[in-house]
>>> print(open('my_file.cif').read())   # mmCIF, C-alpha atoms and all ligand atoms
data_query
#
loop_
_atom_site.label_atom_id
_atom_site.label_comp_id
_atom_site.auth_asym_id
_atom_site.auth_seq_id
_atom_site.Cartn_x
_atom_site.Cartn_y
_atom_site.Cartn_z
CA MET A 1489 0.00 0.00 0.00
CA THR A 1490 1.36 3.45 -0.89
CA SER A 1491 1.95 5.69 2.09
CA ARG A 1492 -0.60 8.34 2.87
CA LEU A 1493 -0.02 11.98 2.12
CA ARG A 1494 0.56 14.22 5.12
CA VAL A 1495 -1.50 17.29 4.41
CA LEU A 1496 -1.62 20.89 5.62
CA GLU A 1497 -5.13 22.16 4.89
CA PHE A 1498 -4.99 25.97 4.65
CA PHE A 1499 -8.26 28.00 4.53
CA ALA A 1500 -9.95 24.78 5.67
CA GLY A 1501 -13.58 25.99 5.78
CA MET A 1502 -15.73 22.93 6.49
CA GLY A 1503 -12.99 20.56 5.34
CA GLY A 1504 -13.90 19.92 1.71
CA TRP A 1505 -10.33 19.01 0.89
CA ARG A 1506 -10.20 16.61 3.83
CA ARG A 1507 -13.34 14.93 2.49
CA ALA A 1508 -11.94 14.88 -1.05
CA PHE A 1509 -8.59 13.34 -0.11
CA GLY A 1510 -10.29 10.77 2.13
CA ALA A 1511 -8.08 7.78 2.89
CA ARG A 1512 -5.28 9.11 0.66
CA ALA A 1513 -4.30 11.60 3.35
CA VAL A 1514 -3.70 12.24 6.99
CA ILE A 1515 -4.42 15.85 7.93
CA ALA A 1516 -1.31 17.06 9.74
CA ALA A 1517 -3.01 20.38 10.52
CA ALA A 1518 -5.94 22.46 9.28
CA TYR A 1519 -6.12 26.26 9.56
CA ASP A 1520 -8.99 28.72 9.46
CA ILE A 1521 -9.96 31.91 11.17
CA SER A 1522 -13.74 32.17 11.05
CA PRO A 1523 -15.68 30.89 14.11
CA PRO A 1524 -18.46 29.23 12.03
CA ALA A 1525 -15.86 27.41 9.91
CA LEU A 1526 -13.90 26.31 12.99
CA ALA A 1527 -17.05 25.04 14.73
CA THR A 1528 -18.37 23.26 11.62
CA TYR A 1529 -15.06 21.61 10.83
CA ALA A 1530 -14.85 20.41 14.44
CA ARG A 1531 -18.42 19.05 14.28
CA ILE A 1532 -17.77 17.14 11.06
CA TRP A 1533 -14.24 15.93 11.71
CA GLY A 1534 -13.97 15.80 15.49
CA GLU A 1535 -10.89 18.05 15.44
CA ARG A 1536 -10.85 21.84 15.59
CA PRO A 1537 -8.58 23.56 13.05
CA ILE A 1538 -5.87 25.87 14.30
CA ALA A 1539 -7.44 29.32 14.55
CA ARG A 1540 -4.68 31.37 13.02
CA GLU A 1541 -4.27 34.35 10.74
CA LEU A 1542 -2.19 32.85 7.93
CA ALA A 1543 -0.77 36.23 6.86
CA THR A 1544 1.64 36.03 9.80
CA LEU A 1545 2.30 32.29 9.81
CA PRO A 1546 5.90 31.62 10.90
CA ALA A 1547 8.00 29.06 9.02
CA SER A 1548 8.58 27.14 12.27
CA GLU A 1549 4.83 26.51 12.49
CA ILE A 1550 4.81 24.87 9.05
CA LEU A 1551 7.92 22.82 9.70
CA ARG A 1552 6.71 21.34 12.96
CA HIS A 1553 3.90 19.47 11.20
CA GLY A 1554 6.28 17.53 8.91
CA ALA A 1555 3.74 17.70 6.06
CA ASP A 1556 4.48 16.77 2.45
CA THR A 1557 1.35 18.29 0.84
CA TRP A 1558 -0.28 21.72 1.00
CA VAL A 1559 -3.89 22.19 -0.06
CA MET A 1560 -5.55 25.57 -0.23
CA SER A 1561 -8.69 27.39 -1.37
CA PRO A 1562 -7.74 31.01 -0.64
CA PRO A 1563 -10.49 33.67 -0.41
CA CYS A 1564 -11.82 34.27 -3.92
CA GLN A 1565 -13.03 37.89 -3.52
CA PRO A 1566 -9.72 39.35 -4.83
CA PHE A 1567 -10.46 37.62 -8.17
CA CYS A 1568 -14.24 38.14 -8.37
CA ARG A 1569 -16.15 40.92 -10.07
CA MET A 1570 -18.11 41.50 -6.86
CA GLY A 1571 -14.85 41.71 -4.90
CA ASN A 1572 -13.49 44.45 -7.23
CA ARG A 1573 -10.69 42.24 -8.57
CA GLN A 1574 -7.94 43.86 -6.56
CA ASP A 1575 -5.90 40.70 -6.89
CA LEU A 1576 -2.72 40.86 -4.78
CA GLU A 1577 -3.53 44.42 -3.65
CA ASP A 1578 -6.62 43.14 -1.81
CA PRO A 1579 -5.90 42.79 1.94
CA ARG A 1580 -7.54 39.33 1.74
CA SER A 1581 -4.58 38.21 -0.42
CA ARG A 1582 -2.07 38.75 2.41
CA ALA A 1583 -2.40 35.19 3.66
CA PHE A 1584 -1.83 33.84 0.14
CA LEU A 1585 1.23 36.11 -0.24
CA ARG A 1586 2.65 34.74 3.01
CA LEU A 1587 2.10 31.17 1.85
CA MET A 1588 3.91 31.98 -1.40
CA GLU A 1589 6.91 33.24 0.63
CA LEU A 1590 6.88 30.03 2.64
CA LEU A 1591 6.55 27.99 -0.55
CA GLY A 1592 9.82 29.54 -1.76
CA GLU A 1593 11.58 28.86 1.53
CA HIS A 1594 10.21 25.44 2.52
CA PRO A 1595 8.50 23.80 -0.47
CA PRO A 1596 6.42 20.69 0.22
CA GLU A 1597 6.40 17.73 -2.21
CA HIS A 1598 2.91 18.45 -3.53
CA LEU A 1599 0.53 21.41 -3.65
CA VAL A 1600 -3.12 21.74 -4.69
CA LEU A 1601 -4.98 25.03 -5.08
CA GLU A 1602 -8.61 25.76 -5.92
CA SER A 1603 -9.95 29.14 -6.97
CA VAL A 1604 -12.50 30.91 -9.15
CA GLU A 1605 -12.04 31.41 -12.88
CA GLY A 1606 -10.90 35.02 -12.30
CA PHE A 1607 -7.73 33.59 -10.72
CA LEU A 1608 -6.47 32.62 -14.19
CA GLY A 1609 -4.18 35.34 -15.50
CA SER A 1610 -4.14 37.21 -12.16
CA GLY A 1611 -0.99 38.40 -10.40
CA ALA A 1612 -1.61 35.68 -7.80
CA HIS A 1613 -1.65 33.05 -10.54
CA ALA A 1614 1.63 34.39 -11.98
CA LEU A 1615 3.22 34.40 -8.52
CA LEU A 1616 2.15 30.81 -7.82
CA THR A 1617 3.42 29.68 -11.23
CA ASP A 1618 6.82 31.35 -10.65
CA ARG A 1619 7.23 29.94 -7.15
CA LEU A 1620 6.34 26.43 -8.30
CA ARG A 1621 8.76 26.59 -11.22
CA GLU A 1622 11.60 27.96 -9.06
CA ALA A 1623 11.09 25.14 -6.53
CA GLY A 1624 11.18 22.44 -9.24
CA PHE A 1625 7.47 21.51 -9.35
CA ARG A 1626 5.59 20.18 -12.35
CA ALA A 1627 2.10 21.66 -12.46
CA LEU A 1628 -1.20 20.90 -14.17
CA GLU A 1629 -4.07 23.36 -14.42
CA TYR A 1630 -7.72 22.56 -15.01
CA THR A 1631 -10.98 24.47 -15.15
CA LEU A 1632 -13.52 21.90 -13.98
CA ASP A 1633 -17.28 21.90 -13.62
CA PRO A 1634 -19.30 19.43 -11.51
CA GLN A 1635 -21.67 19.09 -14.49
CA ASP A 1636 -18.99 16.90 -16.11
CA PHE A 1637 -18.85 14.77 -12.96
CA GLY A 1638 -22.50 13.66 -12.95
CA LEU A 1639 -23.82 16.48 -10.74
CA PRO A 1640 -26.62 18.85 -11.82
CA ASN A 1641 -24.71 21.87 -10.53
CA GLN A 1642 -22.65 24.52 -12.27
CA ARG A 1643 -19.54 25.50 -10.37
CA PRO A 1644 -16.63 26.16 -12.72
CA ARG A 1645 -13.45 26.36 -10.68
CA VAL A 1646 -9.74 26.49 -11.41
CA PHE A 1647 -7.53 23.80 -9.92
CA VAL A 1648 -3.74 23.73 -9.87
CA VAL A 1649 -2.15 20.44 -8.88
CA ALA A 1650 1.63 20.44 -8.58
CA SER A 1651 4.30 17.99 -7.54
CA ARG A 1652 8.07 17.74 -7.32
CA GLY A 1653 7.64 14.05 -8.22
CA PRO A 1654 5.98 12.43 -11.24
CA LEU A 1655 2.64 13.95 -12.25
CA ALA A 1656 0.36 12.77 -15.07
CA ALA A 1657 -2.84 14.35 -16.40
CA ARG A 1658 -6.01 12.31 -15.81
CA ALA A 1659 -8.89 11.72 -18.21
CA LEU A 1660 -12.11 13.47 -17.19
CA PRO A 1661 -14.93 11.16 -16.11
CA GLY A 1662 -17.30 12.85 -18.60
CA LEU A 1663 -20.44 11.82 -16.69
CA PRO A 1664 -23.60 13.65 -17.80
CA PRO A 1665 -25.45 15.49 -15.01
CA ALA A 1666 -28.23 13.47 -13.34
CA PRO A 1667 -31.74 14.94 -12.89
CA LEU A 1668 -32.27 17.04 -9.82
CA ARG A 1669 -34.99 14.88 -8.32
CA GLY A 1670 -32.43 12.42 -6.96
CA PHE A 1671 -30.91 15.21 -4.85
CA LEU A 1672 -34.09 16.50 -3.23
CA ASP A 1673 -35.20 15.91 0.36
CA PRO A 1674 -37.79 13.10 0.68
CA VAL A 1675 -39.99 15.45 2.73
CA GLU A 1676 -39.76 19.12 1.86
CA ASP A 1677 -39.68 21.89 4.41
CA PRO A 1678 -42.65 24.27 3.77
CA GLY A 1679 -40.58 27.06 5.33
CA LEU A 1680 -38.39 27.10 2.22
CA TYR A 1681 -41.19 28.47 0.00
CA LEU A 1682 -40.96 32.09 -1.15
CA GLY A 1683 -43.81 34.54 -0.74
CA GLU A 1684 -45.93 35.58 -3.76
CA ALA A 1685 -43.99 38.81 -4.42
CA MET A 1686 -40.61 37.16 -4.22
CA ARG A 1687 -41.38 34.19 -6.48
CA HIS A 1688 -42.06 36.51 -9.44
CA ARG A 1689 -38.89 38.48 -8.92
CA PRO A 1690 -37.10 39.11 -12.25
CA GLY A 1691 -33.78 37.33 -12.62
CA LEU A 1692 -34.60 34.44 -10.28
CA ASP A 1693 -32.98 31.29 -11.65
CA LEU A 1694 -35.75 28.67 -11.72
CA VAL A 1695 -35.34 24.92 -12.18
CA THR A 1696 -37.64 21.94 -11.75
CA ALA A 1697 -37.08 18.43 -10.39
CA ASP A 1698 -36.58 17.24 -13.99
CA SER A 1699 -33.82 19.77 -14.69
CA ALA A 1700 -30.26 18.51 -14.89
CA ARG A 1701 -28.80 21.86 -13.87
CA THR A 1702 -28.61 24.31 -10.98
CA ALA A 1703 -26.70 27.58 -10.97
CA CYS A 1704 -23.61 27.89 -8.78
CA PHE A 1705 -24.59 28.31 -5.12
CA ILE A 1706 -22.58 31.15 -3.64
CA GLY A 1707 -22.02 32.07 -0.01
CA GLY A 1708 -24.91 34.56 -0.05
CA TYR A 1709 -27.61 32.00 -1.06
CA GLY A 1710 -29.17 32.18 2.41
CA ARG A 1711 -29.88 35.92 2.13
CA ARG A 1712 -29.82 36.87 -1.57
CA TYR A 1713 -32.02 35.77 -4.42
CA VAL A 1714 -30.75 36.87 -7.82
CA GLY A 1715 -27.36 35.52 -8.86
CA SER A 1716 -26.85 33.43 -5.74
CA GLY A 1717 -28.02 30.00 -6.96
CA SER A 1718 -31.16 28.33 -8.29
CA PHE A 1719 -34.69 28.08 -6.87
CA LEU A 1720 -36.96 25.08 -7.32
CA GLU A 1721 -40.35 25.44 -9.00
CA THR A 1722 -42.87 22.83 -7.84
CA GLU A 1723 -46.65 22.46 -8.11
CA ARG A 1724 -46.87 24.29 -4.83
CA GLY A 1725 -44.77 27.35 -5.71
CA VAL A 1726 -41.10 28.35 -5.72
CA ARG A 1727 -38.71 27.45 -2.97
CA ARG A 1728 -35.13 27.70 -1.90
CA PHE A 1729 -33.06 24.51 -1.88
CA SER A 1730 -32.55 23.22 1.66
CA VAL A 1731 -29.08 23.11 3.19
CA ALA A 1732 -29.07 19.32 2.82
CA GLU A 1733 -30.05 19.58 -0.87
CA ALA A 1734 -27.33 22.17 -1.51
CA ALA A 1735 -24.84 19.87 0.23
CA ARG A 1736 -25.93 16.89 -1.93
CA LEU A 1737 -25.59 19.01 -5.07
CA LEU A 1738 -22.02 19.75 -3.97
CA GLY A 1739 -21.39 16.02 -3.67
CA TRP A 1740 -21.44 15.76 0.14
CA ASP A 1741 -22.59 12.22 0.82
CA PRO A 1742 -23.53 11.76 3.57
CA VAL A 1743 -24.76 15.32 4.17
CA PRO A 1744 -22.56 16.92 6.85
CA ALA A 1745 -23.89 17.76 10.31
CA PHE A 1746 -23.61 21.42 11.30
CA PRO A 1747 -23.22 22.68 14.86
CA GLU A 1748 -26.32 24.26 16.38
CA GLU A 1749 -24.67 27.63 16.80
CA VAL A 1750 -24.20 27.99 13.03
CA GLY A 1751 -27.54 29.25 11.69
CA LEU A 1752 -29.09 28.75 8.27
CA GLU A 1753 -27.32 31.67 6.59
CA GLY A 1754 -24.01 30.47 8.00
CA ARG A 1755 -24.59 26.94 6.70
CA TYR A 1756 -25.38 28.13 3.17
CA LYS A 1757 -22.34 30.38 3.36
CA LEU A 1758 -19.98 27.56 4.31
CA LEU A 1759 -21.32 25.36 1.51
CA GLY A 1760 -21.27 28.22 -1.01
CA ASN A 1761 -17.63 28.97 -0.16
CA GLY A 1762 -16.71 25.30 -0.29
CA LEU A 1763 -15.80 22.65 -2.81
CA SER A 1764 -17.65 20.28 -5.10
CA ILE A 1765 -16.41 17.09 -3.49
CA PRO A 1766 -16.30 14.70 -6.51
CA VAL A 1767 -14.40 17.32 -8.52
CA ALA A 1768 -11.89 17.93 -5.73
CA ALA A 1769 -11.53 14.15 -5.18
CA TRP A 1770 -10.70 13.71 -8.87
CA VAL A 1771 -8.01 16.40 -8.53
CA ALA A 1772 -6.67 14.76 -5.35
CA GLY A 1773 -6.42 11.51 -7.34
CA HIS A 1774 -3.43 12.96 -9.22
CA LEU A 1775 -1.38 12.49 -6.05
CA GLY A 1776 -1.94 8.78 -5.61
C1 LIG A 1801 -12.99 29.73 0.06
S1 LIG A 1801 -13.16 29.28 1.74
C2 LIG A 1801 -12.42 27.66 1.73
C3 LIG A 1801 -13.43 26.57 1.81
C4 LIG A 1801 -12.87 25.19 1.98
N1 LIG A 1801 -12.07 24.73 0.87
C5 LIG A 1801 -13.98 24.18 2.22
O1 LIG A 1801 -13.93 23.09 1.66
O2 LIG A 1801 -14.94 24.48 2.93
C6 LIG A 1801 -11.87 30.22 2.49
C7 LIG A 1801 -11.69 30.01 3.99
O3 LIG A 1801 -10.48 30.68 4.37
C8 LIG A 1801 -10.66 31.26 5.65
N2 LIG A 1801 -9.71 32.39 5.70
C9 LIG A 1801 -9.80 33.52 4.98
N3 LIG A 1801 -8.74 34.32 5.24
C10 LIG A 1801 -7.98 33.67 6.17
C11 LIG A 1801 -6.78 34.01 6.82
N4 LIG A 1801 -6.16 35.17 6.59
N5 LIG A 1801 -6.24 33.12 7.71
C12 LIG A 1801 -6.91 31.95 7.94
N6 LIG A 1801 -8.05 31.58 7.34
C13 LIG A 1801 -8.59 32.43 6.46
C14 LIG A 1801 -12.12 31.66 5.67
O4 LIG A 1801 -12.61 31.75 6.99
C15 LIG A 1801 -12.79 30.57 4.85
O5 LIG A 1801 -13.30 29.56 5.68
#
>>> encode(input="my_file.cif", output="structure tokens")
Amino acid sequence: MTSRLRVLEFFAGMGGWRRAFGARAVIAAAYDISPPALATYARIWGERPIARELATLPASEILRHGADTWVMSPPCQPFCRMGNRQDLEDPRSRAFLRLMELLGEHPPEHLVLESVEGFLGSGAHALLTDRLREAGFRALEYTLDPQDFGLPNQRPRVFVVASRGPLAARALPGLPPAPLRGFLDPVEDPGLYLGEAMRHRPGLDLVTADSARTACFIGGYGRRYVGSGSFLETERGVRRFSVAEAARLLGWDPVPAFPEEVGLEGRYKLLGNGLSIPVAAWVAGHLG
């Protein structure tokens, strides 16, 4: 049996990378800074991430974990239209900049990064590419969508997978998206239905149980309507997808348990900021 990767999970959120790596990896340490993420990760995985601002992470802290693999999904706002695309000038890029310094000084064997499409061609992308090349990594880049992995959910994301050892591109599974009905709760929550005024709101993305598509769920799905994800049209009206349904559409199986103190908005936010698990697992599969 090949030995398991020893992973540092930066920007851990609810631990999508931990789920995606599964038995391939031991998590040497996970880091996050937001209380809902820390509480949710602890609820799902039984271990609380290290609550640390990564912008000031000392090298000694990295070295003490003896990890061979870094995985990261840095904040995407610096590369999003809604975040003003300030790229490396955005204060939220400071943690990424610090990790790029550490990558130059103490490179691991493998690195995986996930980001939004706006990352491609950014200053952050150029910096990562330079650091990887200088440290002798091979790197592969993909833009992947869960719709090609059998899921009825759009979520195009950029993945960089890099290694100082052998690295070969993988063939895409090319699975067509399944109909939505298989992802719906057996008993629906009437509280999810929108009022009359809201259901006719222009720009609402509507799907039915027979659709094989939902729009990308973003962190604001719990409080926004237009541009935040899809809504389900049934005989009864129009409703939001439940947290469990959103989790299933992101490939969480079983659906994760959230701590009580994280409310509905917080749950949608964690999922909307997170990963599509089958896509991330396919990326992780490059490393053994
Ligand atoms: C895009 S989300 C990552 C989601 C994660 N991949 C998952 O599967 O849920 C980014 C995470 O980074 C955390 N974060 C943002 N800036 C940080 C910083 N400077 N130091 C530590 N964590 C940070 C946020 O709290 C958030 O949970």
>>> closest_atom_pairs(input="my_file.cif", of="segment 1564-1643 of chain A", to="segment 1698-1721 of chain A", cutoff="10 Å", atoms="all atoms listed in the file", output="JSON lines")
{"residue": "A:Asp1633", "atom": "CA", "partner": "A:Cys1704", "partner_atom": "CA", "distance": 10.0}
{"residue": "A:Pro1634", "atom": "CA", "partner": "A:Cys1704", "partner_atom": "CA", "distance": 9.9}
{"residue": "A:Gln1635", "atom": "CA", "partner": "A:Arg1701", "partner_atom": "CA", "distance": 7.7}
{"residue": "A:Gly1638", "atom": "CA", "partner": "A:Ala1700", "partner_atom": "CA", "distance": 9.4}
{"residue": "A:Leu1639", "atom": "CA", "partner": "A:Ala1700", "partner_atom": "CA", "distance": 7.9}
{"residue": "A:Pro1640", "atom": "CA", "partner": "A:Arg1701", "partner_atom": "CA", "distance": 4.2}
{"residue": "A:Asn1641", "atom": "CA", "partner": "A:Thr1702", "partner_atom": "CA", "distance": 4.6}
{"residue": "A:Gln1642", "atom": "CA", "partner": "A:Cys1704", "partner_atom": "CA", "distance": 4.9}
{"residue": "A:Arg1643", "atom": "CA", "partner": "A:Cys1704", "partner_atom": "CA", "distance": 5.0}
>>> closest_atom_pairs(input="my_file.cif", of="chain A", to="ligand LIG 1801 (chain A)", cutoff="9 Å", atoms="only C-alpha atoms and all ligand atoms", output="Markdown table")
| residue | atom | partner | partner_atom | distance |
| --- | --- | --- | --- | --- |
| A:Glu1497 | CA | A:LIG1801 | N1 | 8.4 |
| A:Phe1498 | CA | A:LIG1801 | N6 | 6.9 |
| A:Phe1499 | CA | A:LIG1801 | O3 | 3.5 |
| A:Ala1500 | CA | A:LIG1801 | C4 | 4.7 |
| A:Gly1501 | CA | A:LIG1801 | O2 | 3.5 |
| A:Met1502 | CA | A:LIG1801 | O2 | 4.0 |
| A:Gly1503 | CA | A:LIG1801 | O1 | 4.6 |
| A:Gly1504 | CA | A:LIG1801 | O1 | 3.2 |
| A:Trp1505 | CA | A:LIG1801 | O1 | 5.5 |
| A:Arg1506 | CA | A:LIG1801 | O1 | 7.8 |
| A:Arg1507 | CA | A:LIG1801 | O1 | 8.2 |
| A:Ala1508 | CA | A:LIG1801 | O1 | 8.9 |
| A:Tyr1519 | CA | A:LIG1801 | C12 | 6.0 |
| A:Asp1520 | CA | A:LIG1801 | N6 | 3.7 |
| A:Ile1521 | CA | A:LIG1801 | N6 | 4.3 |
| A:Ser1522 | CA | A:LIG1801 | O4 | 4.2 |
| A:Pro1523 | CA | A:LIG1801 | O4 | 7.8 |
| A:Pro1524 | CA | A:LIG1801 | O4 | 8.1 |
| A:Ala1525 | CA | A:LIG1801 | O5 | 5.4 |
| A:Leu1526 | CA | A:LIG1801 | O5 | 8.0 |
| A:Tyr1529 | CA | A:LIG1801 | O2 | 8.4 |
| A:Ile1538 | CA | A:LIG1801 | C12 | 8.9 |
| A:Ala1539 | CA | A:LIG1801 | C12 | 7.1 |
| A:Arg1540 | CA | A:LIG1801 | C12 | 5.6 |
| A:Glu1541 | CA | A:LIG1801 | N5 | 3.8 |
| A:Leu1542 | CA | A:LIG1801 | N5 | 4.1 |
| A:Ala1543 | CA | A:LIG1801 | N4 | 5.5 |
| A:Thr1544 | CA | A:LIG1801 | N4 | 8.5 |
| A:Leu1545 | CA | A:LIG1801 | N5 | 8.8 |
| A:Val1559 | CA | A:LIG1801 | N1 | 8.6 |
| A:Met1560 | CA | A:LIG1801 | N1 | 6.7 |
| A:Ser1561 | CA | A:LIG1801 | N1 | 4.8 |
| A:Pro1562 | CA | A:LIG1801 | C6 | 5.2 |
| A:Pro1563 | CA | A:LIG1801 | C1 | 4.7 |
| A:Cys1564 | CA | A:LIG1801 | C1 | 6.1 |
| A:Gln1565 | CA | A:LIG1801 | C1 | 8.9 |
| A:Pro1579 | CA | A:LIG1801 | N4 | 8.9 |
| A:Arg1580 | CA | A:LIG1801 | N3 | 6.2 |
| A:Ser1581 | CA | A:LIG1801 | N4 | 7.8 |
| A:Arg1582 | CA | A:LIG1801 | N4 | 6.9 |
| A:Ala1583 | CA | A:LIG1801 | N4 | 4.8 |
| A:Phe1584 | CA | A:LIG1801 | N4 | 7.9 |
| A:Glu1602 | CA | A:LIG1801 | N1 | 7.7 |
| A:Ser1603 | CA | A:LIG1801 | C1 | 7.7 |
| A:Leu1758 | CA | A:LIG1801 | O2 | 6.1 |
| A:Leu1759 | CA | A:LIG1801 | O2 | 6.6 |
| A:Gly1760 | CA | A:LIG1801 | O2 | 8.3 |
| A:Asn1761 | CA | A:LIG1801 | C1 | 4.7 |
| A:Gly1762 | CA | A:LIG1801 | O2 | 3.8 |
| A:Leu1763 | CA | A:LIG1801 | O1 | 4.9 |
| A:Ser1764 | CA | A:LIG1801 | O1 | 8.2 |
| A:Ile1765 | CA | A:LIG1801 | O1 | 8.3 |
>>> residues_around(input="my_file.cif", residues="Pro1566 of chain A", least_positions_apart="2", cutoff="9 Å", atoms="all atoms listed in the file", output="ChimeraX atom specification")
/A:1563-1564,1568-1581,1606-1607
>>> closest_residue(input="my_file.cif", among="A:Phe1637, A:Leu1620, A:Leu1775, A:Val1750", to="Leu1663 of chain A", atoms="only C-alpha atoms")
A:Phe1637
>>> atom_distance(input="my_file.cif", atom1="atom CA of Ser1651 of chain A", atom2="atom CA of Ala1612 of chain A")
18.7 Å
>>> residues_near_point(input="my_file.cif", point="(6.4, 26.4, -2.6)", cutoff="12 Å", atoms="only C-alpha atoms", output="PyMOL selection string")
chain A and resi 1550+1556-1559+1584-1601+1615-1627+1650-1652
>>> atom_distance(input="my_file.cif", atom1="atom CA of His1688 of chain A", atom2="atom CA of Ala1734 of chain A")
22.0 Å
>>> residues_around(input="my_file.cif", residues="Leu1628 of chain A", least_positions_apart="3", cutoff="8 Å", atoms="only C-alpha atoms", output="short mmCIF file (atom, residue, chain, number, x, y, z; two decimals) with C-alpha atoms, in the coordinates of the input")
data_model
loop_
_atom_site.label_atom_id
_atom_site.label_comp_id
_atom_site.auth_asym_id
_atom_site.auth_seq_id
_atom_site.Cartn_x
_atom_site.Cartn_y
_atom_site.Cartn_z
CA VAL A 1648 -3.74 23.73 -9.87
CA VAL A 1649 -2.15 20.44 -8.88
CA ALA A 1650 1.63 20.44 -8.58
CA ALA A 1657 -2.84 14.35 -16.40
#
>>> atom_distance(input="my_file.cif", atom1="atom CA of Gly1754 of chain A", atom2="atom CA of Ile1532 of chain A")
15.0 Å
>>> closest_residue(input="my_file.cif", among="A:Ile1515, A:Val1695, A:Val1771, A:Gly1609", to="Leu1632 of chain A", atoms="all atoms listed in the file")
A:Val1771
>>> build_atoms(input="my_file.cif", residues="segment 1554-1573 of chain A", atoms="N, CA and C atoms", output="PDB file, in the frame of the given file")
ATOM      1  N   GLY A1554       5.657  18.555   9.759  1.00  0.00           N
ATOM      2  CA  GLY A1554       6.280  17.530   8.910  1.00  0.00           C
ATOM      3  C   GLY A1554       5.392  17.101   7.763  1.00  0.00           C
ATOM      4  N   ALA A1555       4.679  18.048   7.141  1.00  0.00           N
ATOM      5  CA  ALA A1555       3.740  17.700   6.060  1.00  0.00           C
ATOM      6  C   ALA A1555       4.464  17.641   4.712  1.00  0.00           C
ATOM      7  N   ASP A1556       3.914  16.830   3.802  1.00  0.00           N
ATOM      8  CA  ASP A1556       4.480  16.770   2.450  1.00  0.00           C
ATOM      9  C   ASP A1556       3.558  17.410   1.405  1.00  0.00           C
ATOM     10  N   THR A1557       2.346  17.786   1.802  1.00  0.00           N
ATOM     11  CA  THR A1557       1.350  18.290   0.840  1.00  0.00           C
ATOM     12  C   THR A1557       0.631  19.498   1.420  1.00  0.00           C
ATOM     13  N   TRP A1558       0.514  20.551   0.606  1.00  0.00           N
ATOM     14  CA  TRP A1558      -0.280  21.720   1.000  1.00  0.00           C
ATOM     15  C   TRP A1558      -1.514  21.776   0.122  1.00  0.00           C
ATOM     16  N   VAL A1559      -2.675  21.963   0.726  1.00  0.00           N
ATOM     17  CA  VAL A1559      -3.890  22.190  -0.060  1.00  0.00           C
ATOM     18  C   VAL A1559      -4.494  23.517   0.362  1.00  0.00           C
ATOM     19  N   MET A1560      -5.029  24.236  -0.585  1.00  0.00           N
ATOM     20  CA  MET A1560      -5.550  25.570  -0.230  1.00  0.00           C
ATOM     21  C   MET A1560      -6.643  26.036  -1.186  1.00  0.00           C
ATOM     22  N   SER A1561      -7.644  26.686  -0.612  1.00  0.00           N
ATOM     23  CA  SER A1561      -8.690  27.390  -1.370  1.00  0.00           C
ATOM     24  C   SER A1561      -8.717  28.801  -0.789  1.00  0.00           C
ATOM     25  N   PRO A1562      -7.799  29.672  -1.235  1.00  0.00           N
ATOM     26  CA  PRO A1562      -7.740  31.010  -0.640  1.00  0.00           C
ATOM     27  C   PRO A1562      -9.021  31.794  -0.923  1.00  0.00           C
ATOM     28  N   PRO A1563      -9.294  32.855  -0.150  1.00  0.00           N
ATOM     29  CA  PRO A1563     -10.490  33.670  -0.410  1.00  0.00           C
ATOM     30  C   PRO A1563     -10.526  34.107  -1.870  1.00  0.00           C
ATOM     31  N   CYS A1564     -11.727  34.009  -2.476  1.00  0.00           N
ATOM     32  CA  CYS A1564     -11.820  34.270  -3.920  1.00  0.00           C
ATOM     33  C   CYS A1564     -12.181  35.713  -4.243  1.00  0.00           C
ATOM     34  N   GLN A1565     -12.571  36.503  -3.231  1.00  0.00           N
ATOM     35  CA  GLN A1565     -13.030  37.890  -3.520  1.00  0.00           C
ATOM     36  C   GLN A1565     -11.996  38.700  -4.298  1.00  0.00           C
ATOM     37  N   PRO A1566     -10.683  38.547  -4.057  1.00  0.00           N
ATOM     38  CA  PRO A1566      -9.720  39.350  -4.830  1.00  0.00           C
ATOM     39  C   PRO A1566      -9.759  39.080  -6.337  1.00  0.00           C
ATOM     40  N   PHE A1567     -10.431  37.989  -6.748  1.00  0.00           N
ATOM     41  CA  PHE A1567     -10.460  37.620  -8.170  1.00  0.00           C
ATOM     42  C   PHE A1567     -11.868  37.658  -8.751  1.00  0.00           C
ATOM     43  N   CYS A1568     -12.836  38.125  -7.945  1.00  0.00           N
ATOM     44  CA  CYS A1568     -14.240  38.140  -8.370  1.00  0.00           C
ATOM     45  C   CYS A1568     -14.647  39.548  -8.753  1.00  0.00           C
ATOM     46  N   ARG A1569     -15.606  39.626  -9.681  1.00  0.00           N
ATOM     47  CA  ARG A1569     -16.150  40.920 -10.070  1.00  0.00           C
ATOM     48  C   ARG A1569     -16.724  41.637  -8.840  1.00  0.00           C
ATOM     49  N   MET A1570     -17.467  40.870  -8.023  1.00  0.00           N
ATOM     50  CA  MET A1570     -18.110  41.500  -6.860  1.00  0.00           C
ATOM     51  C   MET A1570     -17.087  41.919  -5.806  1.00  0.00           C
ATOM     52  N   GLY A1571     -15.903  41.348  -5.858  1.00  0.00           N
ATOM     53  CA  GLY A1571     -14.850  41.710  -4.900  1.00  0.00           C
ATOM     54  C   GLY A1571     -13.923  42.779  -5.452  1.00  0.00           C
ATOM     55  N   ASN A1572     -14.259  43.368  -6.597  1.00  0.00           N
ATOM     56  CA  ASN A1572     -13.490  44.450  -7.230  1.00  0.00           C
ATOM     57  C   ASN A1572     -12.173  44.036  -7.879  1.00  0.00           C
ATOM     58  N   ARG A1573     -11.883  42.767  -7.891  1.00  0.00           N
ATOM     59  CA  ARG A1573     -10.690  42.240  -8.570  1.00  0.00           C
ATOM     60  C   ARG A1573      -9.408  42.986  -8.232  1.00  0.00           C
TER      61      ARG A1573
END
